[in-house]
$ cat run_30.cif   # mmCIF, N, CA, C and O atoms
data_entry
#
loop_
_atom_site.label_atom_id
_atom_site.label_comp_id
_atom_site.auth_asym_id
_atom_site.auth_seq_id
_atom_site.Cartn_x
_atom_site.Cartn_y
_atom_site.Cartn_z
N TYR E 1 -27.48 100.07 -44.52
CA TYR E 1 -26.12 100.31 -44.11
C TYR E 1 -25.22 99.18 -44.57
O TYR E 1 -25.70 98.06 -44.76
N ARG E 2 -23.96 99.43 -44.69
CA ARG E 2 -23.09 98.45 -45.30
C ARG E 2 -22.89 97.20 -44.45
O ARG E 2 -22.51 96.17 -44.96
N TRP E 3 -23.12 97.26 -43.14
CA TRP E 3 -22.92 96.09 -42.28
C TRP E 3 -24.17 95.24 -42.16
O TRP E 3 -24.11 94.13 -41.62
N ASP E 4 -25.32 95.71 -42.63
CA ASP E 4 -26.57 94.96 -42.49
C ASP E 4 -26.46 93.57 -43.11
O ASP E 4 -26.94 92.59 -42.55
N ASN E 5 -25.86 93.47 -44.27
CA ASN E 5 -25.75 92.19 -44.95
C ASN E 5 -24.90 91.22 -44.13
O ASN E 5 -25.24 90.04 -44.01
N ALA E 6 -23.82 91.69 -43.54
CA ALA E 6 -22.96 90.83 -42.72
C ALA E 6 -23.72 90.30 -41.51
O ALA E 6 -23.57 89.13 -41.14
N CYS E 7 -24.54 91.13 -40.90
CA CYS E 7 -25.31 90.70 -39.73
C CYS E 7 -26.30 89.61 -40.09
O CYS E 7 -26.41 88.61 -39.38
N ILE E 8 -27.04 89.77 -41.16
CA ILE E 8 -28.04 88.77 -41.54
C ILE E 8 -27.37 87.50 -42.02
O ILE E 8 -27.85 86.39 -41.75
N GLU E 9 -26.23 87.61 -42.70
CA GLU E 9 -25.52 86.41 -43.12
C GLU E 9 -24.99 85.65 -41.91
O GLU E 9 -25.01 84.41 -41.89
N SER E 10 -24.55 86.35 -40.90
CA SER E 10 -24.11 85.71 -39.67
C SER E 10 -25.28 84.98 -39.01
O SER E 10 -25.14 83.84 -38.53
N PHE E 11 -26.44 85.62 -38.98
CA PHE E 11 -27.63 84.98 -38.40
C PHE E 11 -28.03 83.75 -39.21
O PHE E 11 -28.35 82.71 -38.64
N HIS E 12 -28.00 83.84 -40.54
CA HIS E 12 -28.35 82.70 -41.38
C HIS E 12 -27.42 81.53 -41.08
O HIS E 12 -27.88 80.38 -40.97
N SER E 13 -26.15 81.78 -40.96
CA SER E 13 -25.22 80.69 -40.66
C SER E 13 -25.49 80.10 -39.29
O SER E 13 -25.41 78.89 -39.09
N LEU E 14 -25.86 80.94 -38.32
CA LEU E 14 -26.17 80.48 -36.97
C LEU E 14 -27.41 79.58 -36.97
O LEU E 14 -27.38 78.48 -36.40
N ILE E 15 -28.49 80.01 -37.60
CA ILE E 15 -29.72 79.21 -37.58
C ILE E 15 -29.53 77.90 -38.34
O ILE E 15 -30.05 76.87 -37.92
N ILE E 16 -28.77 77.91 -39.39
CA ILE E 16 -28.50 76.67 -40.13
C ILE E 16 -27.67 75.72 -39.27
O ILE E 16 -27.99 74.54 -39.14
N ARG E 17 -26.61 76.24 -38.68
CA ARG E 17 -25.71 75.41 -37.87
C ARG E 17 -26.40 74.87 -36.62
O ARG E 17 -26.27 73.70 -36.29
N GLU E 18 -27.13 75.73 -35.90
CA GLU E 18 -27.72 75.33 -34.63
C GLU E 18 -29.05 74.60 -34.76
O GLU E 18 -29.46 73.90 -33.84
N TRP E 19 -29.75 74.75 -35.87
CA TRP E 19 -31.12 74.25 -35.92
C TRP E 19 -31.45 73.48 -37.20
O TRP E 19 -31.80 72.32 -37.15
N LEU E 20 -31.36 74.12 -38.33
CA LEU E 20 -31.89 73.53 -39.57
C LEU E 20 -31.13 72.30 -40.04
O LEU E 20 -31.72 71.43 -40.66
N ASN E 21 -29.83 72.21 -39.71
CA ASN E 21 -29.06 71.03 -40.12
C ASN E 21 -29.54 69.75 -39.43
O ASN E 21 -29.18 68.66 -39.84
N HIS E 22 -30.36 69.87 -38.40
CA HIS E 22 -30.83 68.71 -37.66
C HIS E 22 -32.12 68.13 -38.24
O HIS E 22 -32.65 67.15 -37.71
N PHE E 23 -32.64 68.71 -39.32
CA PHE E 23 -33.92 68.28 -39.88
C PHE E 23 -33.81 68.06 -41.38
O PHE E 23 -33.00 68.69 -42.05
N LYS E 24 -34.65 67.18 -41.88
CA LYS E 24 -34.82 67.06 -43.32
C LYS E 24 -36.07 67.86 -43.66
O LYS E 24 -37.20 67.48 -43.31
N ILE E 25 -35.89 68.99 -44.31
CA ILE E 25 -37.00 69.91 -44.59
C ILE E 25 -37.80 69.38 -45.77
O ILE E 25 -37.27 69.14 -46.84
N ARG E 26 -39.11 69.21 -45.53
CA ARG E 26 -40.00 68.62 -46.54
C ARG E 26 -40.53 69.63 -47.54
O ARG E 26 -40.65 69.33 -48.72
N ASP E 27 -40.90 70.82 -47.07
CA ASP E 27 -41.49 71.82 -47.95
C ASP E 27 -41.38 73.19 -47.28
O ASP E 27 -40.83 73.32 -46.19
N PHE E 28 -41.90 74.20 -47.95
CA PHE E 28 -41.81 75.56 -47.45
C PHE E 28 -42.50 75.72 -46.09
O PHE E 28 -41.98 76.35 -45.19
N ALA E 29 -43.68 75.12 -45.94
CA ALA E 29 -44.42 75.23 -44.67
C ALA E 29 -43.64 74.62 -43.52
O ALA E 29 -43.61 75.17 -42.41
N HIS E 30 -42.99 73.50 -43.78
CA HIS E 30 -42.17 72.87 -42.74
C HIS E 30 -40.99 73.77 -42.38
O HIS E 30 -40.67 73.96 -41.21
N ALA E 31 -40.32 74.34 -43.38
CA ALA E 31 -39.21 75.25 -43.12
C ALA E 31 -39.67 76.47 -42.33
O ALA E 31 -39.00 76.91 -41.38
N TYR E 32 -40.83 76.99 -42.69
CA TYR E 32 -41.39 78.16 -41.99
C TYR E 32 -41.63 77.84 -40.52
O TYR E 32 -41.28 78.61 -39.64
N ARG E 33 -42.24 76.67 -40.25
CA ARG E 33 -42.50 76.27 -38.86
C ARG E 33 -41.20 76.09 -38.08
O ARG E 33 -41.12 76.46 -36.91
N LEU E 34 -40.18 75.50 -38.71
CA LEU E 34 -38.90 75.30 -38.03
C LEU E 34 -38.24 76.63 -37.67
O LEU E 34 -37.72 76.80 -36.57
N VAL E 35 -38.26 77.57 -38.60
CA VAL E 35 -37.66 78.88 -38.33
C VAL E 35 -38.44 79.60 -37.24
O VAL E 35 -37.85 80.17 -36.31
N PHE E 36 -39.76 79.56 -37.30
CA PHE E 36 -40.58 80.20 -36.28
C PHE E 36 -40.31 79.58 -34.91
O PHE E 36 -40.13 80.28 -33.92
N GLU E 37 -40.24 78.25 -34.86
CA GLU E 37 -39.98 77.57 -33.59
C GLU E 37 -38.61 77.95 -33.04
O GLU E 37 -38.46 78.19 -31.85
N TYR E 38 -37.60 78.03 -33.91
CA TYR E 38 -36.26 78.42 -33.48
C TYR E 38 -36.27 79.82 -32.88
O TYR E 38 -35.72 80.05 -31.80
N LEU E 39 -36.91 80.75 -33.57
CA LEU E 39 -36.93 82.14 -33.09
C LEU E 39 -37.72 82.30 -31.80
O LEU E 39 -37.25 82.92 -30.84
N GLU E 40 -38.91 81.73 -31.74
CA GLU E 40 -39.79 81.95 -30.59
C GLU E 40 -39.50 81.04 -29.41
O GLU E 40 -39.74 81.41 -28.27
N ALA E 41 -39.00 79.83 -29.67
CA ALA E 41 -38.79 78.88 -28.57
C ALA E 41 -37.35 78.85 -28.09
O ALA E 41 -37.07 78.32 -27.02
N PHE E 42 -36.41 79.39 -28.86
CA PHE E 42 -35.02 79.32 -28.43
C PHE E 42 -34.29 80.66 -28.54
O PHE E 42 -33.79 81.19 -27.56
N TYR E 43 -34.22 81.21 -29.74
CA TYR E 43 -33.35 82.37 -29.98
C TYR E 43 -33.72 83.57 -29.11
O TYR E 43 -32.85 84.23 -28.55
N ASN E 44 -35.00 83.88 -28.96
CA ASN E 44 -35.42 85.04 -28.17
C ASN E 44 -35.64 84.71 -26.70
O ASN E 44 -35.79 85.62 -25.89
N THR E 45 -35.71 83.44 -26.36
CA THR E 45 -36.03 83.08 -24.98
C THR E 45 -34.86 82.49 -24.21
O THR E 45 -34.75 82.70 -23.00
N LYS E 46 -33.99 81.74 -24.88
CA LYS E 46 -32.91 81.05 -24.17
C LYS E 46 -31.52 81.41 -24.65
O LYS E 46 -30.58 81.42 -23.87
N HIS E 47 -31.36 81.66 -25.94
CA HIS E 47 -30.05 81.94 -26.52
C HIS E 47 -29.49 83.25 -25.97
O HIS E 47 -30.15 84.28 -26.03
N ILE E 48 -28.28 83.21 -25.42
CA ILE E 48 -27.70 84.43 -24.87
C ILE E 48 -27.08 85.27 -25.98
O ILE E 48 -26.60 84.73 -26.98
N HIS E 49 -27.13 86.58 -25.81
CA HIS E 49 -26.60 87.51 -26.80
C HIS E 49 -25.58 88.42 -26.10
O HIS E 49 -25.86 88.96 -25.03
N ASN E 50 -24.42 88.57 -26.70
CA ASN E 50 -23.39 89.41 -26.05
C ASN E 50 -23.83 90.86 -25.94
O ASN E 50 -23.47 91.55 -24.99
N HIS E 51 -24.62 91.36 -26.88
CA HIS E 51 -25.08 92.76 -26.80
C HIS E 51 -26.21 92.94 -25.79
O HIS E 51 -26.68 94.05 -25.59
N CYS E 52 -26.64 91.85 -25.15
CA CYS E 52 -27.65 91.92 -24.08
C CYS E 52 -27.00 91.54 -22.75
O CYS E 52 -27.64 90.95 -21.88
N ASP E 53 -25.72 91.86 -22.61
CA ASP E 53 -24.98 91.51 -21.39
C ASP E 53 -25.08 90.02 -21.09
O ASP E 53 -25.23 89.61 -19.95
N TYR E 54 -25.00 89.22 -22.13
CA TYR E 54 -25.02 87.75 -22.02
C TYR E 54 -26.28 87.23 -21.35
O TYR E 54 -26.25 86.32 -20.54
N MET E 55 -27.42 87.83 -21.74
CA MET E 55 -28.74 87.36 -21.34
C MET E 55 -29.54 87.13 -22.62
O MET E 55 -29.19 87.64 -23.68
N SER E 56 -30.64 86.41 -22.49
CA SER E 56 -31.53 86.27 -23.64
C SER E 56 -32.27 87.60 -23.83
O SER E 56 -32.41 88.37 -22.88
N PRO E 57 -32.75 87.89 -25.04
CA PRO E 57 -33.52 89.12 -25.24
C PRO E 57 -34.72 89.21 -24.30
O PRO E 57 -35.03 90.28 -23.79
N ASN E 58 -35.42 88.10 -24.06
CA ASN E 58 -36.56 88.13 -23.15
C ASN E 58 -36.14 88.52 -21.73
O ASN E 58 -36.80 89.33 -21.08
N ASP E 59 -35.05 87.93 -21.23
CA ASP E 59 -34.56 88.26 -19.90
C ASP E 59 -34.13 89.72 -19.83
O ASP E 59 -34.38 90.43 -18.85
N TYR E 60 -33.45 90.19 -20.88
CA TYR E 60 -32.96 91.56 -20.92
C TYR E 60 -34.12 92.55 -20.94
O TYR E 60 -34.09 93.57 -20.25
N GLU E 61 -35.17 92.25 -21.71
CA GLU E 61 -36.33 93.13 -21.74
C GLU E 61 -37.07 93.13 -20.40
O GLU E 61 -37.59 94.15 -19.98
N GLY E 62 -37.10 91.98 -19.72
CA GLY E 62 -37.69 91.92 -18.38
C GLY E 62 -36.91 92.79 -17.40
O GLY E 62 -37.51 93.51 -16.59
N LEU E 63 -35.60 92.75 -17.50
CA LEU E 63 -34.75 93.61 -16.66
C LEU E 63 -35.03 95.08 -16.97
O LEU E 63 -35.16 95.91 -16.06
N TYR E 64 -35.14 95.40 -18.25
CA TYR E 64 -35.42 96.78 -18.66
C TYR E 64 -36.75 97.26 -18.07
O TYR E 64 -36.85 98.36 -17.55
N ARG E 65 -37.79 96.39 -18.16
CA ARG E 65 -39.10 96.76 -17.60
C ARG E 65 -39.01 97.02 -16.09
O ARG E 65 -39.60 97.97 -15.58
N ARG E 66 -38.28 96.16 -15.37
CA ARG E 66 -38.15 96.35 -13.93
C ARG E 66 -37.41 97.64 -13.61
O ARG E 66 -37.76 98.34 -12.66
N VAL E 67 -36.41 97.99 -14.41
CA VAL E 67 -35.69 99.25 -14.21
C VAL E 67 -36.64 100.42 -14.47
O VAL E 67 -36.69 101.37 -13.69
N GLN E 68 -37.42 100.36 -15.55
CA GLN E 68 -38.33 101.45 -15.89
C GLN E 68 -39.44 101.62 -14.85
O GLN E 68 -39.91 102.72 -14.62
N GLN E 69 -39.85 100.55 -14.21
CA GLN E 69 -40.90 100.62 -13.20
C GLN E 69 -40.34 101.00 -11.83
O GLN E 69 -41.08 101.10 -10.86
N GLY E 70 -39.03 101.19 -11.75
CA GLY E 70 -38.42 101.59 -10.49
C GLY E 70 -38.21 100.45 -9.52
O GLY E 70 -37.89 100.66 -8.36
N LYS E 71 -38.37 99.21 -9.99
CA LYS E 71 -38.19 98.06 -9.12
C LYS E 71 -36.73 97.65 -9.01
O LYS E 71 -36.38 96.85 -8.16
N LEU E 72 -35.90 98.19 -9.88
CA LEU E 72 -34.49 97.82 -9.90
C LEU E 72 -33.69 99.03 -10.34
O LEU E 72 -34.09 99.74 -11.26
N LEU E 73 -32.59 99.30 -9.71
CA LEU E 73 -31.73 100.43 -10.05
C LEU E 73 -30.46 99.91 -10.70
O LEU E 73 -29.81 99.02 -10.17
N MET E 74 -30.12 100.43 -11.85
CA MET E 74 -28.90 100.04 -12.54
C MET E 74 -27.96 101.24 -12.53
O MET E 74 -28.37 102.36 -12.73
N ALA E 75 -26.69 100.99 -12.29
CA ALA E 75 -25.70 102.06 -12.31
C ALA E 75 -24.49 101.62 -13.12
O ALA E 75 -24.13 100.45 -13.11
N GLY E 76 -23.88 102.56 -13.82
CA GLY E 76 -22.68 102.29 -14.60
C GLY E 76 -21.43 102.44 -13.77
O GLY E 76 -21.48 102.56 -12.54
N GLN E 77 -20.29 102.49 -14.43
CA GLN E 77 -19.01 102.55 -13.75
C GLN E 77 -18.87 103.80 -12.89
O GLN E 77 -18.35 103.75 -11.79
N ASN E 78 -19.32 104.92 -13.38
CA ASN E 78 -19.17 106.18 -12.65
C ASN E 78 -20.50 106.67 -12.07
O ASN E 78 -20.68 107.85 -11.84
N GLY E 79 -21.43 105.75 -11.86
CA GLY E 79 -22.72 106.12 -11.30
C GLY E 79 -23.74 106.56 -12.32
O GLY E 79 -24.87 106.82 -11.98
N GLU E 80 -23.36 106.63 -13.59
CA GLU E 80 -24.33 107.02 -14.60
C GLU E 80 -25.28 105.85 -14.87
O GLU E 80 -24.94 104.71 -14.63
N ASN E 81 -26.46 106.14 -15.34
CA ASN E 81 -27.42 105.08 -15.64
C ASN E 81 -27.00 104.34 -16.90
O ASN E 81 -26.53 104.94 -17.86
N LEU E 82 -27.19 103.04 -16.89
CA LEU E 82 -26.94 102.24 -18.07
C LEU E 82 -28.12 102.35 -19.01
O LEU E 82 -29.27 102.46 -18.57
N ILE E 83 -27.87 102.31 -20.28
CA ILE E 83 -28.93 102.32 -21.28
C ILE E 83 -29.09 100.91 -21.80
O ILE E 83 -28.14 100.33 -22.32
N LEU E 84 -30.25 100.32 -21.64
CA LEU E 84 -30.51 98.98 -22.09
C LEU E 84 -31.07 99.07 -23.50
O LEU E 84 -32.09 99.68 -23.73
N THR E 85 -30.37 98.47 -24.47
CA THR E 85 -30.74 98.68 -25.86
C THR E 85 -31.10 97.42 -26.62
O THR E 85 -31.37 97.48 -27.79
N CYS E 86 -31.10 96.28 -25.99
CA CYS E 86 -31.34 95.03 -26.72
C CYS E 86 -32.78 94.97 -27.21
O CYS E 86 -33.70 95.31 -26.51
N THR E 87 -32.93 94.49 -28.44
CA THR E 87 -34.26 94.22 -28.97
C THR E 87 -34.27 92.79 -29.47
O THR E 87 -33.23 92.21 -29.74
N LYS E 88 -35.44 92.24 -29.66
CA LYS E 88 -35.53 90.90 -30.20
C LYS E 88 -35.07 90.92 -31.64
O LYS E 88 -35.39 91.82 -32.40
N SER E 89 -34.34 89.90 -31.99
CA SER E 89 -33.84 89.81 -33.35
C SER E 89 -34.76 89.00 -34.21
O SER E 89 -35.46 88.15 -33.78
#
$ encode --input "run_30.cif" --output "structure tokens"
Amino acid sequence: YRWDNACIESFHSLIIREWLNHFKIRDFAHAYRLVFEYLEAFYNTKHIHNHCDYMSPNDYEGLYRRVQQGKLLMAGQNGENLILTCTKS
């Protein structure tokens, strides 16, 4: 789709600004470890996302699981159920 490139370019700028600029990258393996650490230790666990109602993807998926198991009821403005759509990026 035509917006896919804009989304990934936005992500690239985010990871460079928030993470990679703080390191002197030695080689490909080091870069790979840094990107993996950013994604698994921060971006999916702590970084809030506006499309996840300003929660991290992990928190949002936990909320989704609790709703699906009937442990939590979510309602929209007119009583309709909310659809939780966030996925890990």
$ atom_distance --input "run_30.cif" --atom1 "CA of Phe42 in chain E" --atom2 "atom O of Phe11 in chain E"
12.7 Å
$ residues_around --input "run_30.cif" --residues "Phe36 in chain E" --least-positions-apart "6" --cutoff "12 Å" --atoms "only C-alpha atoms" --output "PDB file with N, CA, C and O atoms, keeping the file's coordinate frame"
ATOM      1  N   ILE E  15     -28.490  80.010 -37.600  1.00  0.00           N
ATOM      2  CA  ILE E  15     -29.720  79.210 -37.580  1.00  0.00           C
ATOM      3  C   ILE E  15     -29.530  77.900 -38.340  1.00  0.00           C
ATOM      4  O   ILE E  15     -30.050  76.870 -37.920  1.00  0.00           O
ATOM      5  N   TRP E  19     -29.750  74.750 -35.870  1.00  0.00           N
ATOM      6  CA  TRP E  19     -31.120  74.250 -35.920  1.00  0.00           C
ATOM      7  C   TRP E  19     -31.450  73.480 -37.200  1.00  0.00           C
ATOM      8  O   TRP E  19     -31.800  72.320 -37.150  1.00  0.00           O
ATOM      9  N   LEU E  20     -31.360  74.120 -38.330  1.00  0.00           N
ATOM     10  CA  LEU E  20     -31.890  73.530 -39.570  1.00  0.00           C
ATOM     11  C   LEU E  20     -31.130  72.300 -40.040  1.00  0.00           C
ATOM     12  O   LEU E  20     -31.720  71.430 -40.660  1.00  0.00           O
ATOM     13  N   ALA E  29     -43.680  75.120 -45.940  1.00  0.00           N
ATOM     14  CA  ALA E  29     -44.420  75.230 -44.670  1.00  0.00           C
ATOM     15  C   ALA E  29     -43.640  74.620 -43.520  1.00  0.00           C
ATOM     16  O   ALA E  29     -43.610  75.170 -42.410  1.00  0.00           O
ATOM     17  N   HIS E  30     -42.990  73.500 -43.780  1.00  0.00           N
ATOM     18  CA  HIS E  30     -42.170  72.870 -42.740  1.00  0.00           C
ATOM     19  C   HIS E  30     -40.990  73.770 -42.380  1.00  0.00           C
ATOM     20  O   HIS E  30     -40.670  73.960 -41.210  1.00  0.00           O
ATOM     21  N   PHE E  42     -36.410  79.390 -28.860  1.00  0.00           N
ATOM     22  CA  PHE E  42     -35.020  79.320 -28.430  1.00  0.00           C
ATOM     23  C   PHE E  42     -34.290  80.660 -28.540  1.00  0.00           C
ATOM     24  O   PHE E  42     -33.790  81.190 -27.560  1.00  0.00           O
ATOM     25  N   TYR E  43     -34.220  81.210 -29.740  1.00  0.00           N
ATOM     26  CA  TYR E  43     -33.350  82.370 -29.980  1.00  0.00           C
ATOM     27  C   TYR E  43     -33.720  83.570 -29.110  1.00  0.00           C
ATOM     28  O   TYR E  43     -32.850  84.230 -28.550  1.00  0.00           O
ATOM     29  N   ASN E  44     -35.000  83.880 -28.960  1.00  0.00           N
ATOM     30  CA  ASN E  44     -35.420  85.040 -28.170  1.00  0.00           C
ATOM     31  C   ASN E  44     -35.640  84.710 -26.700  1.00  0.00           C
ATOM     32  O   ASN E  44     -35.790  85.620 -25.890  1.00  0.00           O
TER      33      ASN E  44
END
$ resolve_selection --input "run_30.cif" --expression "the PyMOL selection byres ((chain E and resi 56) around 7)" --output "PyMOL selection string"
chain E and resi 42-49+52-55+57-62
$ write_last_selection --input "run_30.cif" --atoms "N, CA, C and O atoms" --output "short mmCIF file (atom, residue, chain, number, x, y, z; two decimals), in the frame of the given file"
data_model
loop_
_atom_site.label_atom_id
_atom_site.label_comp_id
_atom_site.auth_asym_id
_atom_site.auth_seq_id
_atom_site.Cartn_x
_atom_site.Cartn_y
_atom_site.Cartn_z
N PHE E 42 -36.41 79.39 -28.86
CA PHE E 42 -35.02 79.32 -28.43
C PHE E 42 -34.29 80.66 -28.54
O PHE E 42 -33.79 81.19 -27.56
N TYR E 43 -34.22 81.21 -29.74
CA TYR E 43 -33.35 82.37 -29.98
C TYR E 43 -33.72 83.57 -29.11
O TYR E 43 -32.85 84.23 -28.55
N ASN E 44 -35.00 83.88 -28.96
CA ASN E 44 -35.42 85.04 -28.17
C ASN E 44 -35.64 84.71 -26.70
O ASN E 44 -35.79 85.62 -25.89
N THR E 45 -35.71 83.44 -26.36
CA THR E 45 -36.03 83.08 -24.98
C THR E 45 -34.86 82.49 -24.21
O THR E 45 -34.75 82.70 -23.00
N LYS E 46 -33.99 81.74 -24.88
CA LYS E 46 -32.91 81.05 -24.17
C LYS E 46 -31.52 81.41 -24.65
O LYS E 46 -30.58 81.42 -23.87
N HIS E 47 -31.36 81.66 -25.94
CA HIS E 47 -30.05 81.94 -26.52
C HIS E 47 -29.49 83.25 -25.97
O HIS E 47 -30.15 84.28 -26.03
N ILE E 48 -28.28 83.21 -25.42
CA ILE E 48 -27.70 84.43 -24.87
C ILE E 48 -27.08 85.27 -25.98
O ILE E 48 -26.60 84.73 -26.98
N HIS E 49 -27.13 86.58 -25.81
CA HIS E 49 -26.60 87.51 -26.80
C HIS E 49 -25.58 88.42 -26.10
O HIS E 49 -25.86 88.96 -25.03
N CYS E 52 -26.64 91.85 -25.15
CA CYS E 52 -27.65 91.92 -24.08
C CYS E 52 -27.00 91.54 -22.75
O CYS E 52 -27.64 90.95 -21.88
N ASP E 53 -25.72 91.86 -22.61
CA ASP E 53 -24.98 91.51 -21.39
C ASP E 53 -25.08 90.02 -21.09
O ASP E 53 -25.23 89.61 -19.95
N TYR E 54 -25.00 89.22 -22.13
CA TYR E 54 -25.02 87.75 -22.02
C TYR E 54 -26.28 87.23 -21.35
O TYR E 54 -26.25 86.32 -20.54
N MET E 55 -27.42 87.83 -21.74
CA MET E 55 -28.74 87.36 -21.34
C MET E 55 -29.54 87.13 -22.62
O MET E 55 -29.19 87.64 -23.68
N PRO E 57 -32.75 87.89 -25.04
CA PRO E 57 -33.52 89.12 -25.24
C PRO E 57 -34.72 89.21 -24.30
O PRO E 57 -35.03 90.28 -23.79
N ASN E 58 -35.42 88.10 -24.06
CA ASN E 58 -36.56 88.13 -23.15
C ASN E 58 -36.14 88.52 -21.73
O ASN E 58 -36.80 89.33 -21.08
N ASP E 59 -35.05 87.93 -21.23
CA ASP E 59 -34.56 88.26 -19.90
C ASP E 59 -34.13 89.72 -19.83
O ASP E 59 -34.38 90.43 -18.85
N TYR E 60 -33.45 90.19 -20.88
CA TYR E 60 -32.96 91.56 -20.92
C TYR E 60 -34.12 92.55 -20.94
O TYR E 60 -34.09 93.57 -20.25
N GLU E 61 -35.17 92.25 -21.71
CA GLU E 61 -36.33 93.13 -21.74
C GLU E 61 -37.07 93.13 -20.40
O GLU E 61 -37.59 94.15 -19.98
N GLY E 62 -37.10 91.98 -19.72
CA GLY E 62 -37.69 91.92 -18.38
C GLY E 62 -36.91 92.79 -17.40
O GLY E 62 -37.51 93.51 -16.59
#
$ atom_distance --input "run_30.cif" --atom1 "atom C of Leu14 in chain E" --atom2 "atom N of Leu63 in chain E"
24.9 Å
$ build_atoms --input "run_30.cif" --residues "range 6-12 of chain E" --atoms "all heavy atoms" --output "CSV table (one decimal), in the coordinates of the input"
chain,number,residue,atom,x,y,z
E,6,ALA,N,-23.8,91.7,-43.5
E,6,ALA,CA,-23.0,90.8,-42.7
E,6,ALA,C,-23.7,90.3,-41.5
E,6,ALA,O,-23.6,89.1,-41.1
E,6,ALA,CB,-21.7,91.6,-42.3
E,7,CYS,N,-24.5,91.1,-40.9
E,7,CYS,CA,-25.3,90.7,-39.7
E,7,CYS,C,-26.3,89.6,-40.1
E,7,CYS,O,-26.4,88.6,-39.4
E,7,CYS,CB,-26.1,91.9,-39.1
E,7,CYS,SG,-25.0,93.1,-38.4
E,8,ILE,N,-27.0,89.8,-41.2
E,8,ILE,CA,-28.0,88.8,-41.5
E,8,ILE,C,-27.4,87.5,-42.0
E,8,ILE,O,-27.8,86.4,-41.8
E,8,ILE,CB,-29.1,89.3,-42.6
E,8,ILE,CG1,-30.3,88.4,-42.6
E,8,ILE,CG2,-28.5,89.5,-43.9
E,8,ILE,CD1,-31.1,88.4,-41.3
E,9,GLU,N,-26.2,87.6,-42.7
E,9,GLU,CA,-25.5,86.4,-43.1
E,9,GLU,C,-25.0,85.6,-41.9
E,9,GLU,O,-25.0,84.4,-41.9
E,9,GLU,CB,-24.4,86.8,-44.1
E,9,GLU,CG,-24.9,87.1,-45.5
E,9,GLU,CD,-23.8,87.3,-46.5
E,9,GLU,OE1,-22.6,86.9,-46.2
E,9,GLU,OE2,-24.1,87.9,-47.5
E,10,SER,N,-24.6,86.4,-40.9
E,10,SER,CA,-24.1,85.7,-39.7
E,10,SER,C,-25.3,85.0,-39.0
E,10,SER,O,-25.1,83.8,-38.5
E,10,SER,CB,-23.5,86.8,-38.7
E,10,SER,OG,-23.2,86.2,-37.5
E,11,PHE,N,-26.4,85.6,-39.0
E,11,PHE,CA,-27.6,85.0,-38.4
E,11,PHE,C,-28.0,83.8,-39.2
E,11,PHE,O,-28.4,82.7,-38.6
E,11,PHE,CB,-28.8,86.0,-38.3
E,11,PHE,CG,-30.0,85.3,-37.8
E,11,PHE,CD1,-30.2,85.0,-36.5
E,11,PHE,CD2,-31.1,85.0,-38.7
E,11,PHE,CE1,-31.3,84.4,-36.0
E,11,PHE,CE2,-32.2,84.3,-38.2
E,11,PHE,CZ,-32.3,84.0,-36.9
E,12,HIS,N,-28.0,83.8,-40.5
E,12,HIS,CA,-28.4,82.7,-41.4
E,12,HIS,C,-27.4,81.5,-41.1
E,12,HIS,O,-27.9,80.4,-41.0
E,12,HIS,CB,-28.3,83.1,-42.9
E,12,HIS,CG,-29.4,83.9,-43.3
E,12,HIS,ND1,-29.4,84.6,-44.5
E,12,HIS,CD2,-30.6,84.1,-42.8
E,12,HIS,CE1,-30.5,85.2,-44.7
E,12,HIS,NE2,-31.3,84.9,-43.6
